[in-house]
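See below for upload.cif, which holds mmCIF, C-alpha atoms and all ligand atoms.
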```cif
data_run
#
loop_
_atom_site.label_atom_id
_atom_site.label_comp_id
_atom_site.auth_asym_id
_atom_site.auth_seq_id
_atom_site.Cartn_x
_atom_site.Cartn_y
_atom_site.Cartn_z
CA MET N 1 0.00 0.00 0.00
CA ARG N 2 1.21 3.52 -0.75
CA ASN N 3 1.14 6.35 1.78
CA ASP N 4 0.98 10.07 0.98
CA ASN N 5 4.77 10.30 0.79
CA ASP N 6 4.62 8.00 -2.21
CA ALA N 7 2.37 10.38 -4.18
CA LEU N 8 3.72 11.33 -7.60
CA LEU N 9 2.68 13.91 -10.15
CA VAL N 10 3.32 13.82 -13.89
CA GLU N 11 3.58 17.22 -15.57
CA GLU N 12 4.73 18.52 -18.91
CA ARG N 13 8.45 19.33 -18.74
CA THR N 14 9.41 22.99 -18.77
CA ALA N 15 12.77 24.58 -19.62
CA ASP N 16 13.28 25.07 -15.86
CA ASP N 17 13.16 21.28 -15.34
CA LEU N 18 16.01 20.46 -17.73
CA ALA N 19 18.87 20.85 -15.25
CA ALA N 20 17.13 18.59 -12.72
CA CYS N 21 16.44 16.04 -15.48
CA VAL N 22 20.15 16.01 -16.39
CA ARG N 23 21.06 15.40 -12.72
CA VAL N 24 18.63 12.46 -12.50
CA LEU N 25 19.92 11.11 -15.82
CA ALA N 26 23.50 11.25 -14.46
CA ASP N 27 22.42 9.17 -11.42
CA VAL N 28 20.67 6.67 -13.70
CA HIS N 29 23.73 6.37 -15.92
CA ALA N 30 26.12 6.00 -12.95
CA GLN N 31 23.98 3.28 -11.38
CA GLY N 32 23.20 1.31 -14.54
CA ALA N 33 23.91 1.66 -18.22
CA TYR N 34 21.29 4.07 -19.48
CA PRO N 35 22.04 5.70 -21.72
CA LEU N 36 24.74 3.25 -22.81
CA ASP N 37 27.00 6.14 -23.84
CA TRP N 38 26.88 9.35 -21.79
CA PRO N 39 25.96 12.14 -24.22
CA GLY N 40 28.37 15.04 -24.76
CA ASP N 41 25.39 17.43 -24.43
CA PRO N 42 22.94 15.77 -22.02
CA ALA N 43 20.42 18.64 -22.10
CA GLY N 44 20.46 18.46 -25.91
CA TRP N 45 20.02 14.67 -25.73
CA LEU N 46 16.85 15.29 -23.73
CA ALA N 47 15.58 17.70 -26.38
CA PRO N 48 16.25 16.01 -29.74
CA GLN N 49 15.12 17.62 -32.99
CA ALA N 50 12.26 15.14 -33.33
CA LEU N 51 10.87 15.95 -29.87
CA ASP N 52 7.10 16.55 -29.69
CA ALA N 53 6.62 16.64 -25.92
CA ALA N 54 8.24 15.57 -22.67
CA TRP N 55 6.98 15.01 -19.13
CA VAL N 56 8.54 14.76 -15.72
CA ALA N 57 7.42 12.77 -12.69
CA ARG N 58 7.72 14.70 -9.43
CA ASP N 59 7.53 13.71 -5.85
CA ALA N 60 4.31 15.47 -4.85
CA ALA N 61 5.57 16.38 -1.40
CA SER N 62 8.97 17.83 -2.35
CA GLY N 63 8.34 18.83 -5.98
CA GLU N 64 11.62 17.12 -6.85
CA VAL N 65 11.96 15.62 -10.36
CA VAL N 66 12.26 11.83 -10.08
CA GLY N 67 11.66 10.71 -13.66
CA HIS N 68 11.30 11.69 -17.30
CA VAL N 69 9.86 10.55 -20.61
CA ALA N 70 9.72 12.04 -24.11
CA LEU N 71 7.52 11.55 -27.16
CA CYS N 72 9.21 12.02 -30.51
CA ARG N 73 8.39 11.87 -34.20
CA ALA N 74 9.83 8.70 -35.70
CA THR N 75 12.99 8.85 -37.80
CA PRO N 76 14.18 6.12 -40.18
CA ASP N 77 16.45 4.84 -37.36
CA ASP N 78 13.47 3.90 -35.18
CA LEU N 79 13.16 0.18 -35.85
CA ALA N 80 9.82 -0.44 -34.13
CA ALA N 81 8.23 2.40 -36.09
CA ALA N 82 9.61 1.06 -39.38
CA LEU N 83 8.38 -2.46 -38.60
CA TRP N 84 4.91 -1.29 -37.55
CA CYS N 85 4.59 0.85 -40.70
CA ALA N 86 5.63 -2.06 -42.93
CA ALA N 87 3.08 -4.35 -41.27
CA GLU N 88 0.24 -1.80 -41.33
CA GLY N 89 0.95 -0.22 -44.71
CA ALA N 90 1.23 3.10 -42.87
CA ASP N 91 3.77 5.92 -42.97
CA LEU N 92 5.87 7.26 -40.11
CA THR N 93 3.49 10.19 -39.52
CA ARG N 94 1.03 7.71 -37.97
CA THR N 95 3.58 6.74 -35.31
CA ALA N 96 5.09 8.29 -32.21
CA VAL N 97 8.19 7.08 -30.39
CA VAL N 98 8.33 6.91 -26.59
CA SER N 99 11.91 7.58 -25.54
CA ARG N 100 14.24 9.08 -22.92
CA LEU N 101 12.43 7.13 -20.16
CA PHE N 102 14.23 7.02 -16.83
CA VAL N 103 13.50 7.13 -13.13
CA SER N 104 15.91 8.07 -10.38
CA PRO N 105 17.38 4.92 -8.76
CA ALA N 106 16.14 6.21 -5.38
CA ALA N 107 12.54 6.52 -6.65
CA ARG N 108 12.13 3.18 -8.44
CA GLY N 109 9.25 0.82 -7.76
CA ARG N 110 6.77 3.61 -6.86
CA GLY N 111 4.99 3.54 -10.20
CA ALA N 112 6.70 6.58 -11.77
CA GLY N 113 7.86 4.61 -14.79
CA ALA N 114 4.35 3.28 -15.44
CA LEU N 115 2.79 6.74 -15.04
CA LEU N 116 5.27 8.28 -17.47
CA VAL N 117 4.87 5.59 -20.14
CA ARG N 118 1.07 5.78 -19.88
CA ARG N 119 1.12 9.58 -20.20
CA ALA N 120 3.30 9.51 -23.31
CA ALA N 121 1.26 6.72 -24.91
CA ALA N 122 -2.00 8.56 -24.17
CA ALA N 123 -0.66 11.71 -25.83
CA ALA N 124 0.32 9.70 -28.92
CA ARG N 125 -3.11 8.10 -29.09
CA ALA N 126 -4.84 11.47 -28.67
CA ALA N 127 -2.96 12.52 -31.82
CA HIS N 128 -4.09 9.28 -33.57
CA ARG N 129 -0.55 8.00 -33.64
CA GLN N 130 0.63 4.51 -32.66
CA PRO N 131 3.05 4.53 -29.68
CA LEU N 132 6.20 2.52 -30.38
CA LEU N 133 9.67 2.16 -28.90
CA ASP N 134 12.98 0.36 -29.13
CA VAL N 135 14.66 -0.83 -25.93
CA VAL N 136 18.23 -2.08 -25.60
CA GLU N 137 18.23 -5.72 -24.43
CA SER N 138 20.26 -4.89 -21.31
CA ASP N 139 17.45 -2.56 -20.04
CA VAL N 140 15.65 -5.50 -18.43
CA ALA N 141 13.56 -3.48 -15.96
CA ALA N 142 12.26 -1.31 -18.80
CA ARG N 143 11.34 -4.32 -20.92
CA ALA N 144 9.48 -5.87 -17.96
CA LEU N 145 7.62 -2.61 -17.43
CA TYR N 146 6.51 -2.36 -21.08
CA GLU N 147 5.28 -5.96 -21.02
CA ARG N 148 3.40 -5.37 -17.78
CA LEU N 149 1.71 -2.37 -19.41
CA GLY N 150 0.55 -4.55 -22.32
CA TRP N 151 3.07 -3.51 -24.97
CA ARG N 152 3.64 -6.14 -27.67
CA LEU N 153 7.08 -7.32 -28.81
CA LEU N 154 7.30 -6.86 -32.60
CA ALA N 155 10.84 -8.13 -33.13
CA THR N 156 14.36 -8.29 -31.77
CA ALA N 157 17.03 -6.90 -34.06
CA ARG N 158 20.57 -5.64 -34.13
CA GLN N 159 21.48 -2.06 -35.00
CA VAL N 160 24.81 -0.32 -35.50
CA TRP N 161 24.92 3.07 -33.79
CA ASP N 162 27.02 6.09 -34.67
CA GLY N 163 30.46 5.37 -33.28
CA GLY N 164 30.31 1.72 -34.34
CA ARG N 165 28.64 0.12 -31.30
CA THR N 166 26.34 -2.79 -32.25
CA VAL N 167 23.30 -3.19 -30.00
CA THR N 168 20.45 -5.67 -29.75
CA LEU N 169 17.08 -3.93 -29.58
CA HIS N 170 13.63 -5.17 -28.63
CA CYS N 171 10.98 -3.37 -30.71
CA PHE N 172 7.64 -2.80 -28.95
CA ALA N 173 4.21 -1.46 -29.91
CA ALA N 174 1.67 -0.28 -27.34
CA GLY N 175 -1.46 -2.43 -27.14
CA GLY N 176 -4.86 -1.14 -28.24
CA GLN N 177 -5.77 1.12 -31.14
CA PRO N 178 -3.82 4.24 -32.08
C1 LIG N 201 12.49 1.19 -16.36
C2 LIG N 201 12.32 2.23 -15.26
C3 LIG N 201 11.98 3.57 -15.90
C4 LIG N 201 11.16 1.78 -14.37
O1 LIG N 201 10.91 2.82 -13.43
P1 LIG N 201 10.06 2.55 -12.09
O2 LIG N 201 9.56 3.87 -11.63
O3 LIG N 201 10.81 1.72 -11.15
O4 LIG N 201 8.83 1.70 -12.67
P2 LIG N 201 7.49 1.32 -11.92
O5 LIG N 201 7.64 1.53 -10.45
O6 LIG N 201 6.35 1.97 -12.62
O7 LIG N 201 7.37 -0.21 -12.27
C5 LIG N 201 8.33 -1.11 -11.84
C6 LIG N 201 8.15 -2.31 -12.73
O8 LIG N 201 9.34 -2.39 -13.51
C7 LIG N 201 9.74 -3.73 -13.57
N1 LIG N 201 11.04 -3.83 -12.88
C8 LIG N 201 11.58 -2.92 -12.05
N2 LIG N 201 12.83 -3.31 -11.71
C9 LIG N 201 13.05 -4.48 -12.32
C10 LIG N 201 14.15 -5.36 -12.38
N3 LIG N 201 15.32 -5.11 -11.74
N4 LIG N 201 14.05 -6.47 -13.15
C11 LIG N 201 12.90 -6.72 -13.80
N5 LIG N 201 11.83 -5.91 -13.78
C12 LIG N 201 11.91 -4.81 -13.06
C13 LIG N 201 8.68 -4.55 -13.00
O9 LIG N 201 7.79 -4.89 -14.06
C14 LIG N 201 7.99 -3.61 -12.04
O10 LIG N 201 6.68 -4.03 -11.97
P3 LIG N 201 5.93 -4.29 -10.54
O11 LIG N 201 5.47 -2.93 -10.09
O12 LIG N 201 4.82 -5.22 -10.92
O13 LIG N 201 6.95 -4.91 -9.63
C15 LIG N 201 13.60 2.35 -14.38
O14 LIG N 201 13.97 1.07 -13.93
C16 LIG N 201 14.78 2.99 -15.10
O15 LIG N 201 14.92 4.22 -15.07
N6 LIG N 201 15.65 2.18 -15.75
C17 LIG N 201 16.85 2.72 -16.42
C18 LIG N 201 16.51 3.50 -17.67
C19 LIG N 201 15.99 2.63 -18.79
O16 LIG N 201 16.32 1.47 -18.93
N7 LIG N 201 15.15 3.25 -19.65
C20 LIG N 201 14.54 2.57 -20.73
C21 LIG N 201 14.84 3.21 -22.01
S1 LIG N 201 14.01 2.41 -23.37
#
```

Show the structure stored in the file as structure tokens.
Ligand SMILES: CC(C)(COP(=O)(O)OP(=O)(O)OC[C@H]1O[C@@H](n2cnc3c(N)ncnc32)[C@H](O)[C@@H]1OP(=O)(O)O)[C@@H](O)C(=O)NCCC(=O)NCCS
Amino acid sequence: MRNDNDALLVEERTADDLAACVRVLADVHAQGAYPLDWPGDPAGWLAPQALDAAWVARDAASGEVVGHVALCRATPDDLAAALWCAAEGADLTRTAVVSRLFVSPAARGRGAGALLVRRAAAAARAAHRQPLLDVVESDVAARALYERLGWRLLATARQVWDGGRTVTLHCFAAGGQP
């Protein structure tokens, strides 16, 4: 059971939140391996060109940022989006990519990750776009979360990233209708 101290809020990210998001991302990266390679410009990494919207999860009592998610337009590098489009005979404009999901190690297991993914997926659906994502195979907690939320595994594939690193990605589509 959750008490009041566990209460979380999800709000649209503002420019004022970016520094706190970078601090949380640094904790996530130090504790695990997300992102696999620490970006040279972390604030820029959180605001990619294809960004449509981003949200933060806050501890309701302290107002502190504990998590983050983004919703982006798909690019040709987004494998799940490409696979879904090929299967549906659709183009990338009917898709939206959930990305940049992370929760502070100290705030895990309180439902922030689920709240953030649901918020991003709901925004995609409201725009009549299918929510999709690629997750690196080593992000096991994230994969478990997507499956628990009813996302469907489309495929597992390898991809070569800029810099030459080869990664194995699980490609997921949110359940339900776009
Ligand atoms: C994935 C992540 C966002 C989940 O955040 P969270 O706030 O702890 O998530 P929630 O509290 O909503 O849900 C936790 C669920 O995650 C899963 N989970 C959490 N830790 C896990 C672990 N070590 N192994 C397997 N599953 C795990 C479970 O399904 C759990 O479900 P439960 O509530 O039934 O136990 C967080 O672990 C994280 O930031 N990971 C690193 C960043 C990352 O991998 N991002 C994905 C990019 S695609």

Please compute the atom CA of Ser104 of chain N-atom CA of Asp52 of chain N distance, one decimal, in Å.
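Atom-to-atom, atom CA of Ser104 of chain N and atom CA of Asp52 of chain N are spaced 22.9 Å apart.
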
Out of N:Val140, N:Val56, N:Cys85, N:Ala124, which residue has the shortest atom-to-atom distance to Asp17 of chain N when counting all atoms listed in the file?
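The shortest atom-to-atom distance to Asp17 of chain N comes from N:Val56.
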
Pick out the residues no farther than 8 Å from ligand LIG 201 (chain N), counting only C-alpha atoms and all ligand atoms, and list them as a PDB file with C-alpha atoms, in the coordinates of the input.
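Wrote it out as selection-v6.pdb, contents follow:
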```
ATOM      1  CA  VAL N  28      20.670   6.670 -13.700  1.00  0.00           C
ATOM      2  CA  HIS N  29      23.730   6.370 -15.920  1.00  0.00           C
ATOM      3  CA  GLY N  32      23.200   1.310 -14.540  1.00  0.00           C
ATOM      4  CA  ALA N  33      23.910   1.660 -18.220  1.00  0.00           C
ATOM      5  CA  TYR N  34      21.290   4.070 -19.480  1.00  0.00           C
ATOM      6  CA  PRO N  35      22.040   5.700 -21.720  1.00  0.00           C
ATOM      7  CA  GLY N  67      11.660  10.710 -13.660  1.00  0.00           C
ATOM      8  CA  VAL N  98       8.330   6.910 -26.590  1.00  0.00           C
ATOM      9  CA  SER N  99      11.910   7.580 -25.540  1.00  0.00           C
ATOM     10  CA  ARG N 100      14.240   9.080 -22.920  1.00  0.00           C
ATOM     11  CA  LEU N 101      12.430   7.130 -20.160  1.00  0.00           C
ATOM     12  CA  PHE N 102      14.230   7.020 -16.830  1.00  0.00           C
ATOM     13  CA  VAL N 103      13.500   7.130 -13.130  1.00  0.00           C
ATOM     14  CA  SER N 104      15.910   8.070 -10.380  1.00  0.00           C
ATOM     15  CA  PRO N 105      17.380   4.920  -8.760  1.00  0.00           C
ATOM     16  CA  ALA N 107      12.540   6.520  -6.650  1.00  0.00           C
ATOM     17  CA  ARG N 108      12.130   3.180  -8.440  1.00  0.00           C
ATOM     18  CA  GLY N 109       9.250   0.820  -7.760  1.00  0.00           C
ATOM     19  CA  ARG N 110       6.770   3.610  -6.860  1.00  0.00           C
ATOM     20  CA  GLY N 111       4.990   3.540 -10.200  1.00  0.00           C
ATOM     21  CA  ALA N 112       6.700   6.580 -11.770  1.00  0.00           C
ATOM     22  CA  GLY N 113       7.860   4.610 -14.790  1.00  0.00           C
ATOM     23  CA  ALA N 114       4.350   3.280 -15.440  1.00  0.00           C
ATOM     24  CA  LEU N 115       2.790   6.740 -15.040  1.00  0.00           C
ATOM     25  CA  LEU N 133       9.670   2.160 -28.900  1.00  0.00           C
ATOM     26  CA  ASP N 134      12.980   0.360 -29.130  1.00  0.00           C
ATOM     27  CA  VAL N 135      14.660  -0.830 -25.930  1.00  0.00           C
ATOM     28  CA  VAL N 136      18.230  -2.080 -25.600  1.00  0.00           C
ATOM     29  CA  SER N 138      20.260  -4.890 -21.310  1.00  0.00           C
ATOM     30  CA  ASP N 139      17.450  -2.560 -20.040  1.00  0.00           C
ATOM     31  CA  VAL N 140      15.650  -5.500 -18.430  1.00  0.00           C
ATOM     32  CA  ALA N 141      13.560  -3.480 -15.960  1.00  0.00           C
ATOM     33  CA  ALA N 142      12.260  -1.310 -18.800  1.00  0.00           C
ATOM     34  CA  ARG N 143      11.340  -4.320 -20.920  1.00  0.00           C
ATOM     35  CA  ALA N 144       9.480  -5.870 -17.960  1.00  0.00           C
ATOM     36  CA  LEU N 145       7.620  -2.610 -17.430  1.00  0.00           C
ATOM     37  CA  TYR N 146       6.510  -2.360 -21.080  1.00  0.00           C
ATOM     38  CA  GLU N 147       5.280  -5.960 -21.020  1.00  0.00           C
ATOM     39  CA  ARG N 148       3.400  -5.370 -17.780  1.00  0.00           C
TER      40      ARG N 148
END
```

All residues 9 Å or closer to Val65 of chain N, all atoms listed in the file, same chain fewer than 3 positions away omitted, as a VMD selection string:
chain N and resid 17 20 to 21 24 56 to 59 62 68 104

Take the residues from that selection and write them out as a PDB file, in the coordinates of the input, keeping C-alpha atoms.
```pdb
ATOM      1  CA  ASP N  17      13.160  21.280 -15.340  1.00  0.00           C
ATOM      2  CA  ALA N  20      17.130  18.590 -12.720  1.00  0.00           C
ATOM      3  CA  CYS N  21      16.440  16.040 -15.480  1.00  0.00           C
ATOM      4  CA  VAL N  24      18.630  12.460 -12.500  1.00  0.00           C
ATOM      5  CA  VAL N  56       8.540  14.760 -15.720  1.00  0.00           C
ATOM      6  CA  ALA N  57       7.420  12.770 -12.690  1.00  0.00           C
ATOM      7  CA  ARG N  58       7.720  14.700  -9.430  1.00  0.00           C
ATOM      8  CA  ASP N  59       7.530  13.710  -5.850  1.00  0.00           C
ATOM      9  CA  SER N  62       8.970  17.830  -2.350  1.00  0.00           C
ATOM     10  CA  HIS N  68      11.300  11.690 -17.300  1.00  0.00           C
ATOM     11  CA  SER N 104      15.910   8.070 -10.380  1.00  0.00           C
TER      12      SER N 104
END
```

Tell me which of N:Leu36, N:Ala43, N:Ala30, N:Ala127 sits closest to Asp16 of chain N, counting all atoms listed in the file.
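Checking each candidate against Asp16 of chain N, we get N:Ala43 as the closest.
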
Kindly indicate which residue among N:Arg73, N:Arg129, N:His170, N:Arg119 lies nearest to Arg94 of chain N, using only C-alpha atoms for the distances.
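For Arg94 of chain N, the nearest of the given residues is N:Arg129.
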
Quick one: distance from atom CA of Arg118 of chain N to atom CA of Arg158 of chain N in Å, one decimal?
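Going from atom CA of Arg118 of chain N over to atom CA of Arg158 of chain N covers 26.7 Å.
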
Nearest residue to Thr166 of chain N out of N:Glu137, N:Glu88, N:Asp41, N:Asp78, using all atoms listed in the file?
N:Glu137

Could you check which of N:Leu8, N:Leu132, N:Leu116, N:Leu25 is closest to Trp55 of chain N, using all atoms listed in the file?
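Among the listed residues, the smallest separation from Trp55 of chain N belongs to N:Leu116.
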
Box along x, y and z, 8 Å on every side, all listed atoms of segment 69-87 of chain N inside: centre and edge lengths in Å to one decimal, as lines of an AutoDock Vina configuration file.
```
center_x = 9.8
center_y = 3.8
center_z = -31.8
size_x = 29.4
size_y = 32.4
size_z = 38.3
```

Hey, which of N:Ala96, N:Ala70, N:Gly175, N:Leu9 ends up closest to Trp45 of chain N? Count all atoms listed in the file.
N:Ala70

I'd like the interatomic distance between atom CA of Thr95 of chain N and atom CA of Ala15 of chain N, to a tenth of an Å.
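Separation of atom CA of Thr95 of chain N and atom CA of Ala15 of chain N: 25.5 Å.
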